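Take a look at the structure below.
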Amino acid sequence: MGKRNRRRSAQGRPDSEKLVAPNSDYTDAQGAVLTLRGVLSPATRREYAEVLAGTGARPSSTQEDAWQRGVELLFERLAVRWSIAGAPIERQRELLQRFRAASPEERAWIRTVLREHCSEHFPDVQAR
């Protein structure tokens with residue numbers, strides 16, 4: 001089947017047949033719910049590996065900087081929604097801002113959730 005035919009057959013498919021990766025919800029002790037997407041593109045996986053390896057980083061960057069940036073990158077690419085005290089945050093920019101303002105306890109919980117989510121859905125990605 002040629003490229004044009006594949007495109008046509010995909011366009012003719014009803015919405016109910018489109019493939020959608022499932023999202024996963026994680027709840028902390030205070031009742032906040034973090035929803036993570038169930039798909040991670042190959043380009044994002046490569047970028048994450050490069051960040052952890054320190055490729056392209058400033059010479060003054062430390063392994064700790066790379067680790068922090070890696071966690072932020074995974075959060076940025078996987079977070080779909082974060083409901084805190086019943087108030088959902090869904091816009092990407094706001095999610096990232098809230099992550100950057102998170103308390104040390106919230107960050108520790110997010111790292112734990114990212115590790116768990118990656119081990120379950122993306123075994124080739126070693127979340128740190």
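Labels for the structure tokens follow display order: chains A, B, ..., residues from 1 in each chain, ligands from 1.
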
Non-local contacts of Gly38 (chain A) (9 Å; only C-alpha atoms; under 2 positions in same chain excluded) as a ChimeraX atom specification: /A:20-24,36,40,78,117,121-122

Those same residues, written as a PDB file, in the first residue's frame with N, CA and C atoms?
ATOM      1  N   VAL A  20      -5.320   5.584  20.946  1.00  0.00           N
ATOM      2  CA  VAL A  20      -5.047   6.545  22.009  1.00  0.00           C
ATOM      3  C   VAL A  20      -4.335   5.813  23.134  1.00  0.00           C
ATOM      4  N   ALA A  21      -3.196   6.345  23.548  1.00  0.00           N
ATOM      5  CA  ALA A  21      -2.476   5.751  24.674  1.00  0.00           C
ATOM      6  C   ALA A  21      -3.208   6.104  25.970  1.00  0.00           C
ATOM      7  N   PRO A  22      -3.326   5.163  26.876  1.00  0.00           N
ATOM      8  CA  PRO A  22      -4.035   5.436  28.124  1.00  0.00           C
ATOM      9  C   PRO A  22      -3.211   6.343  29.052  1.00  0.00           C
ATOM     10  N   ASN A  23      -3.913   7.166  29.782  1.00  0.00           N
ATOM     11  CA  ASN A  23      -3.277   7.986  30.812  1.00  0.00           C
ATOM     12  C   ASN A  23      -3.358   7.236  32.134  1.00  0.00           C
ATOM     13  N   SER A  24      -2.431   7.548  33.034  1.00  0.00           N
ATOM     14  CA  SER A  24      -2.421   6.923  34.359  1.00  0.00           C
ATOM     15  C   SER A  24      -2.499   8.002  35.421  1.00  0.00           C
ATOM     16  N   LEU A  36      -0.413  11.158  34.104  1.00  0.00           N
ATOM     17  CA  LEU A  36       0.711  11.050  33.177  1.00  0.00           C
ATOM     18  C   LEU A  36       0.290  10.313  31.923  1.00  0.00           C
ATOM     19  N   LEU A  40       5.641   7.915  25.086  1.00  0.00           N
ATOM     20  CA  LEU A  40       6.844   8.744  25.103  1.00  0.00           C
ATOM     21  C   LEU A  40       7.555   8.521  23.776  1.00  0.00           C
ATOM     22  N   LEU A  78       5.457  14.153  30.064  1.00  0.00           N
ATOM     23  CA  LEU A  78       4.480  13.146  30.477  1.00  0.00           C
ATOM     24  C   LEU A  78       3.260  13.709  31.196  1.00  0.00           C
ATOM     25  N   HIS A 117       6.043   5.091  36.891  1.00  0.00           N
ATOM     26  CA  HIS A 117       5.375   5.175  35.589  1.00  0.00           C
ATOM     27  C   HIS A 117       6.302   4.697  34.466  1.00  0.00           C
ATOM     28  N   HIS A 121       5.600   1.591  32.010  1.00  0.00           N
ATOM     29  CA  HIS A 121       5.245   1.875  30.616  1.00  0.00           C
ATOM     30  C   HIS A 121       6.435   1.958  29.656  1.00  0.00           C
ATOM     31  N   PHE A 122       7.585   2.356  30.158  1.00  0.00           N
ATOM     32  CA  PHE A 122       8.772   2.545  29.313  1.00  0.00           C
ATOM     33  C   PHE A 122      10.000   1.906  29.978  1.00  0.00           C
TER      34      PHE A 122
END

Surrounding residues of region 84-96 of chain A excluding itself and chain neighbours under 6 positions, 10 Å, only C-alpha atoms, as a VMD selection string: chain A and resid 27 to 28 30 to 35 72 to 73 75 to 77 102

Those of chain A in DSSP strand (DSSP E), formatted as a VMD selection string: chain A and resid 24 to 27 33 to 36 79 to 84 87 to 89

Just write the chosen residues, N, CA, C and O atoms, as a PDB file, in the first residue's frame.
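part-v5.pdb, freshly written:
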ATOM      1  N   SER A  24      -2.431   7.548  33.034  1.00  0.00           N
ATOM      2  CA  SER A  24      -2.421   6.923  34.359  1.00  0.00           C
ATOM      3  C   SER A  24      -2.499   8.002  35.421  1.00  0.00           C
ATOM      4  O   SER A  24      -1.822   9.026  35.324  1.00  0.00           O
ATOM      5  N   ASP A  25      -3.334   7.769  36.428  1.00  0.00           N
ATOM      6  CA  ASP A  25      -3.488   8.703  37.544  1.00  0.00           C
ATOM      7  C   ASP A  25      -2.725   8.196  38.756  1.00  0.00           C
ATOM      8  O   ASP A  25      -2.769   7.001  39.066  1.00  0.00           O
ATOM      9  N   TYR A  26      -2.056   9.122  39.446  1.00  0.00           N
ATOM     10  CA  TYR A  26      -1.318   8.817  40.666  1.00  0.00           C
ATOM     11  C   TYR A  26      -1.772   9.817  41.728  1.00  0.00           C
ATOM     12  O   TYR A  26      -1.788  11.021  41.469  1.00  0.00           O
ATOM     13  N   THR A  27      -2.115   9.312  42.901  1.00  0.00           N
ATOM     14  CA  THR A  27      -2.636  10.159  43.973  1.00  0.00           C
ATOM     15  C   THR A  27      -1.666  10.173  45.141  1.00  0.00           C
ATOM     16  O   THR A  27      -1.189   9.122  45.574  1.00  0.00           O
ATOM     17  N   VAL A  33      -3.835  14.664  42.504  1.00  0.00           N
ATOM     18  CA  VAL A  33      -3.807  13.631  41.471  1.00  0.00           C
ATOM     19  C   VAL A  33      -2.972  14.124  40.295  1.00  0.00           C
ATOM     20  O   VAL A  33      -3.255  15.172  39.718  1.00  0.00           O
ATOM     21  N   LEU A  34      -1.946  13.354  39.961  1.00  0.00           N
ATOM     22  CA  LEU A  34      -1.082  13.656  38.820  1.00  0.00           C
ATOM     23  C   LEU A  34      -1.411  12.642  37.729  1.00  0.00           C
ATOM     24  O   LEU A  34      -1.355  11.441  37.956  1.00  0.00           O
ATOM     25  N   THR A  35      -1.771  13.148  36.549  1.00  0.00           N
ATOM     26  CA  THR A  35      -2.101  12.294  35.416  1.00  0.00           C
ATOM     27  C   THR A  35      -0.951  12.334  34.426  1.00  0.00           C
ATOM     28  O   THR A  35      -0.549  13.410  33.979  1.00  0.00           O
ATOM     29  N   LEU A  36      -0.413  11.158  34.104  1.00  0.00           N
ATOM     30  CA  LEU A  36       0.711  11.050  33.177  1.00  0.00           C
ATOM     31  C   LEU A  36       0.290  10.313  31.923  1.00  0.00           C
ATOM     32  O   LEU A  36      -0.472   9.350  31.983  1.00  0.00           O
ATOM     33  N   ALA A  79       3.393  14.841  31.882  1.00  0.00           N
ATOM     34  CA  ALA A  79       2.278  15.361  32.679  1.00  0.00           C
ATOM     35  C   ALA A  79       1.155  15.874  31.771  1.00  0.00           C
ATOM     36  O   ALA A  79       1.379  16.650  30.855  1.00  0.00           O
ATOM     37  N   VAL A  80      -0.039  15.406  32.062  1.00  0.00           N
ATOM     38  CA  VAL A  80      -1.227  15.829  31.333  1.00  0.00           C
ATOM     39  C   VAL A  80      -2.069  16.750  32.207  1.00  0.00           C
ATOM     40  O   VAL A  80      -2.600  17.752  31.745  1.00  0.00           O
ATOM     41  N   ARG A  81      -2.159  16.402  33.504  1.00  0.00           N
ATOM     42  CA  ARG A  81      -3.005  17.149  34.426  1.00  0.00           C
ATOM     43  C   ARG A  81      -2.475  16.934  35.837  1.00  0.00           C
ATOM     44  O   ARG A  81      -1.961  15.869  36.167  1.00  0.00           O
ATOM     45  N   TRP A  82      -2.623  17.967  36.657  1.00  0.00           N
ATOM     46  CA  TRP A  82      -2.266  17.856  38.061  1.00  0.00           C
ATOM     47  C   TRP A  82      -3.358  18.559  38.845  1.00  0.00           C
ATOM     48  O   TRP A  82      -3.487  19.778  38.767  1.00  0.00           O
ATOM     49  N   SER A  83      -4.152  17.803  39.569  1.00  0.00           N
ATOM     50  CA  SER A  83      -5.232  18.367  40.375  1.00  0.00           C
ATOM     51  C   SER A  83      -4.761  18.468  41.810  1.00  0.00           C
ATOM     52  O   SER A  83      -4.463  17.454  42.447  1.00  0.00           O
ATOM     53  N   ILE A  84      -4.692  19.702  42.296  1.00  0.00           N
ATOM     54  CA  ILE A  84      -4.250  19.949  43.664  1.00  0.00           C
ATOM     55  C   ILE A  84      -5.393  20.631  44.396  1.00  0.00           C
ATOM     56  O   ILE A  84      -5.868  21.687  43.958  1.00  0.00           O
ATOM     57  N   ALA A  87      -8.347  21.639  42.320  1.00  0.00           N
ATOM     58  CA  ALA A  87      -8.159  22.597  41.235  1.00  0.00           C
ATOM     59  C   ALA A  87      -7.223  22.002  40.186  1.00  0.00           C
ATOM     60  O   ALA A  87      -6.028  21.849  40.433  1.00  0.00           O
ATOM     61  N   PRO A  88      -7.760  21.649  39.023  1.00  0.00           N
ATOM     62  CA  PRO A  88      -6.912  21.024  38.006  1.00  0.00           C
ATOM     63  C   PRO A  88      -6.043  22.028  37.259  1.00  0.00           C
ATOM     64  O   PRO A  88      -6.472  23.141  36.963  1.00  0.00           O
ATOM     65  N   ILE A  89      -4.825  21.622  36.982  1.00  0.00           N
ATOM     66  CA  ILE A  89      -3.906  22.390  36.132  1.00  0.00           C
ATOM     67  C   ILE A  89      -3.691  21.515  34.904  1.00  0.00           C
ATOM     68  O   ILE A  89      -3.240  20.374  35.032  1.00  0.00           O
TER      69      ILE A  89
END

CA of Pro104 (chain A) to CA of Ala43 (chain A), distance in Å rounded to a single decimal: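 Straight-line distance from CA of Pro104 (chain A) to CA of Ala43 (chain A) works out to 29.3 Å.
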
Nearest candidate to Gly70 (chain A) (options A:Arg98, A:Lys18, A:Arg37, A:Arg111; using only C-alpha atoms):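 Checking each of A:Arg98, A:Lys18, A:Arg37, A:Arg111 against Gly70 (chain A), counting only C-alpha atoms, the winner is A:Arg111.
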
Those of chain A in DSSP helix (DSSP H, G or I), formatted as a ChimeraX atom specification: /A:3-11,15-17,42-53,63-78,92-100,104-121
